[in-house]
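Trainee: Here it is, the structure in full.
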Amino acid sequence: MYLIAEETAVKSRYQYSYWDSLIIATALILDCAILYSEDLHYDQFIQEKMRIVNPFM
């Protein structure tokens, strides 16, 4: 249940799709500092804890 609550918070705050929000929420719960993705917004901070980085840029 905690994962879904976190996903809903990410989705409503950052306007990502359900699946992208689920990936971000999982990374936040696991205390990841960097999330590598070519599909998400480059160099965006999520909840001031995690940065999204495009590995191809």
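Labels used: A, B, ... for chains in the order of the structure tokens, numbers from 1 for residues in each chain, and numbers from 1 for ligands as shown.
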Extract the full set of helix (DSSP H, G or I) residues from chain A according to DSSP on the backbone, and format it as a PyMOL selection string.

Mentor: chain A and resi 2-14+18-29

Trainee: For the selection you just gave me, I'd like the residues written to a file as an mmCIF file, in the first residue's frame, keeping N, CA, C and O atoms.

Mentor:
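Heads up, here's the output in result-v6.cif:
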data_model
loop_
_atom_site.group_PDB
_atom_site.id
_atom_site.type_symbol
_atom_site.label_atom_id
_atom_site.label_comp_id
_atom_site.auth_asym_id
_atom_site.auth_seq_id
_atom_site.Cartn_x
_atom_site.Cartn_y
_atom_site.Cartn_z
ATOM 1 N N TYR A 2 2.000 1.211 0.672
ATOM 2 C CA TYR A 2 2.859 2.392 0.744
ATOM 3 C C TYR A 2 3.355 2.793 -0.635
ATOM 4 O O TYR A 2 3.436 3.984 -0.938
ATOM 5 N N LEU A 3 3.642 1.813 -1.480
ATOM 6 C CA LEU A 3 4.128 2.103 -2.835
ATOM 7 C C LEU A 3 3.067 2.853 -3.636
ATOM 8 O O LEU A 3 3.381 3.830 -4.329
ATOM 9 N N ILE A 4 1.827 2.432 -3.541
ATOM 10 C CA ILE A 4 0.758 3.077 -4.295
ATOM 11 C C ILE A 4 0.524 4.499 -3.796
ATOM 12 O O ILE A 4 0.283 5.416 -4.585
ATOM 13 N N ALA A 5 0.612 4.718 -2.493
ATOM 14 C CA ALA A 5 0.459 6.072 -1.945
ATOM 15 C C ALA A 5 1.582 6.983 -2.442
ATOM 16 O O ALA A 5 1.335 8.148 -2.811
ATOM 17 N N GLU A 6 2.798 6.457 -2.476
ATOM 18 C CA GLU A 6 3.936 7.240 -2.977
ATOM 19 C C GLU A 6 3.783 7.513 -4.478
ATOM 20 O O GLU A 6 4.044 8.621 -4.945
ATOM 21 N N GLU A 7 3.329 6.525 -5.213
ATOM 22 C CA GLU A 7 3.112 6.692 -6.647
ATOM 23 C C GLU A 7 2.065 7.765 -6.919
ATOM 24 O O GLU A 7 2.232 8.613 -7.805
ATOM 25 N N THR A 8 0.994 7.761 -6.152
ATOM 26 C CA THR A 8 -0.067 8.753 -6.325
ATOM 27 C C THR A 8 0.446 10.153 -6.030
ATOM 28 O O THR A 8 0.112 11.107 -6.750
ATOM 29 N N ALA A 9 1.286 10.295 -5.018
ATOM 30 C CA ALA A 9 1.856 11.600 -4.682
ATOM 31 C C ALA A 9 2.775 12.099 -5.792
ATOM 32 O O ALA A 9 2.723 13.277 -6.172
ATOM 33 N N VAL A 10 3.601 11.217 -6.333
ATOM 34 C CA VAL A 10 4.501 11.593 -7.432
ATOM 35 C C VAL A 10 3.689 11.968 -8.662
ATOM 36 O O VAL A 10 3.967 12.980 -9.310
ATOM 37 N N LYS A 11 2.685 11.171 -8.967
ATOM 38 C CA LYS A 11 1.863 11.420 -10.160
ATOM 39 C C LYS A 11 1.154 12.765 -10.071
ATOM 40 O O LYS A 11 1.137 13.527 -11.035
ATOM 41 N N SER A 12 0.607 13.086 -8.928
ATOM 42 C CA SER A 12 -0.129 14.344 -8.806
ATOM 43 C C SER A 12 0.800 15.554 -8.755
ATOM 44 O O SER A 12 0.455 16.616 -9.268
ATOM 45 N N ARG A 13 1.973 15.415 -8.158
ATOM 46 C CA ARG A 13 2.884 16.559 -8.027
ATOM 47 C C ARG A 13 3.667 16.830 -9.314
ATOM 48 O O ARG A 13 3.868 17.974 -9.693
ATOM 49 N N TYR A 14 4.138 15.785 -9.982
ATOM 50 C CA TYR A 14 5.033 15.954 -11.128
ATOM 51 C C TYR A 14 4.383 15.645 -12.476
ATOM 52 O O TYR A 14 5.043 15.755 -13.503
ATOM 53 N N TYR A 18 1.168 6.866 -14.879
ATOM 54 C CA TYR A 18 1.104 5.893 -13.789
ATOM 55 C C TYR A 18 2.388 5.064 -13.719
ATOM 56 O O TYR A 18 2.983 4.903 -12.661
ATOM 57 N N TRP A 19 2.821 4.542 -14.863
ATOM 58 C CA TRP A 19 3.979 3.640 -14.876
ATOM 59 C C TRP A 19 5.276 4.375 -14.542
ATOM 60 O O TRP A 19 6.105 3.852 -13.791
ATOM 61 N N ASP A 20 5.454 5.580 -15.062
ATOM 62 C CA ASP A 20 6.642 6.362 -14.722
ATOM 63 C C ASP A 20 6.635 6.735 -13.237
ATOM 64 O O ASP A 20 7.668 6.678 -12.572
ATOM 65 N N SER A 21 5.466 7.088 -12.728
ATOM 66 C CA SER A 21 5.344 7.421 -11.300
ATOM 67 C C SER A 21 5.651 6.216 -10.425
ATOM 68 O O SER A 21 6.246 6.351 -9.353
ATOM 69 N N LEU A 22 5.261 5.040 -10.876
ATOM 70 C CA LEU A 22 5.545 3.820 -10.125
ATOM 71 C C LEU A 22 7.043 3.542 -10.068
ATOM 72 O O LEU A 22 7.576 3.175 -9.008
ATOM 73 N N ILE A 23 7.744 3.757 -11.165
ATOM 74 C CA ILE A 23 9.201 3.588 -11.186
ATOM 75 C C ILE A 23 9.866 4.606 -10.269
ATOM 76 O O ILE A 23 10.747 4.260 -9.475
ATOM 77 N N ILE A 24 9.437 5.855 -10.357
ATOM 78 C CA ILE A 24 10.007 6.913 -9.509
ATOM 79 C C ILE A 24 9.728 6.632 -8.039
ATOM 80 O O ILE A 24 10.622 6.757 -7.187
ATOM 81 N N ALA A 25 8.507 6.237 -7.718
ATOM 82 C CA ALA A 25 8.144 5.939 -6.326
ATOM 83 C C ALA A 25 8.973 4.785 -5.769
ATOM 84 O O ALA A 25 9.424 4.832 -4.625
ATOM 85 N N THR A 26 9.196 3.766 -6.575
ATOM 86 C CA THR A 26 10.018 2.632 -6.138
ATOM 87 C C THR A 26 11.444 3.079 -5.855
ATOM 88 O O THR A 26 12.030 2.695 -4.840
ATOM 89 N N ALA A 27 11.999 3.903 -6.727
ATOM 90 C CA ALA A 27 13.356 4.412 -6.521
ATOM 91 C C ALA A 27 13.428 5.283 -5.260
ATOM 92 O O ALA A 27 14.413 5.215 -4.514
ATOM 93 N N LEU A 28 12.404 6.083 -5.012
ATOM 94 C CA LEU A 28 12.384 6.915 -3.805
ATOM 95 C C LEU A 28 12.321 6.066 -2.539
ATOM 96 O O LEU A 28 13.019 6.340 -1.567
ATOM 97 N N ILE A 29 11.494 5.039 -2.552
ATOM 98 C CA ILE A 29 11.375 4.158 -1.392
ATOM 99 C C ILE A 29 12.693 3.441 -1.114
ATOM 100 O O ILE A 29 13.066 3.230 0.038
#

Trainee: I'd like the neighbourhood of segment 46-55 of chain A as a PyMOL selection string, where a residue qualifies if any of its atoms comes within 7 Å (using only C-alpha atoms), though same-chain residues fewer than 6 positions away should be ignored.

Mentor: chain A and resi 32-38

Trainee: From the DSSP assignment of the backbone, select every residue of chain A that is strand (DSSP E), and format the answer as a count of residues only.

Mentor: 9
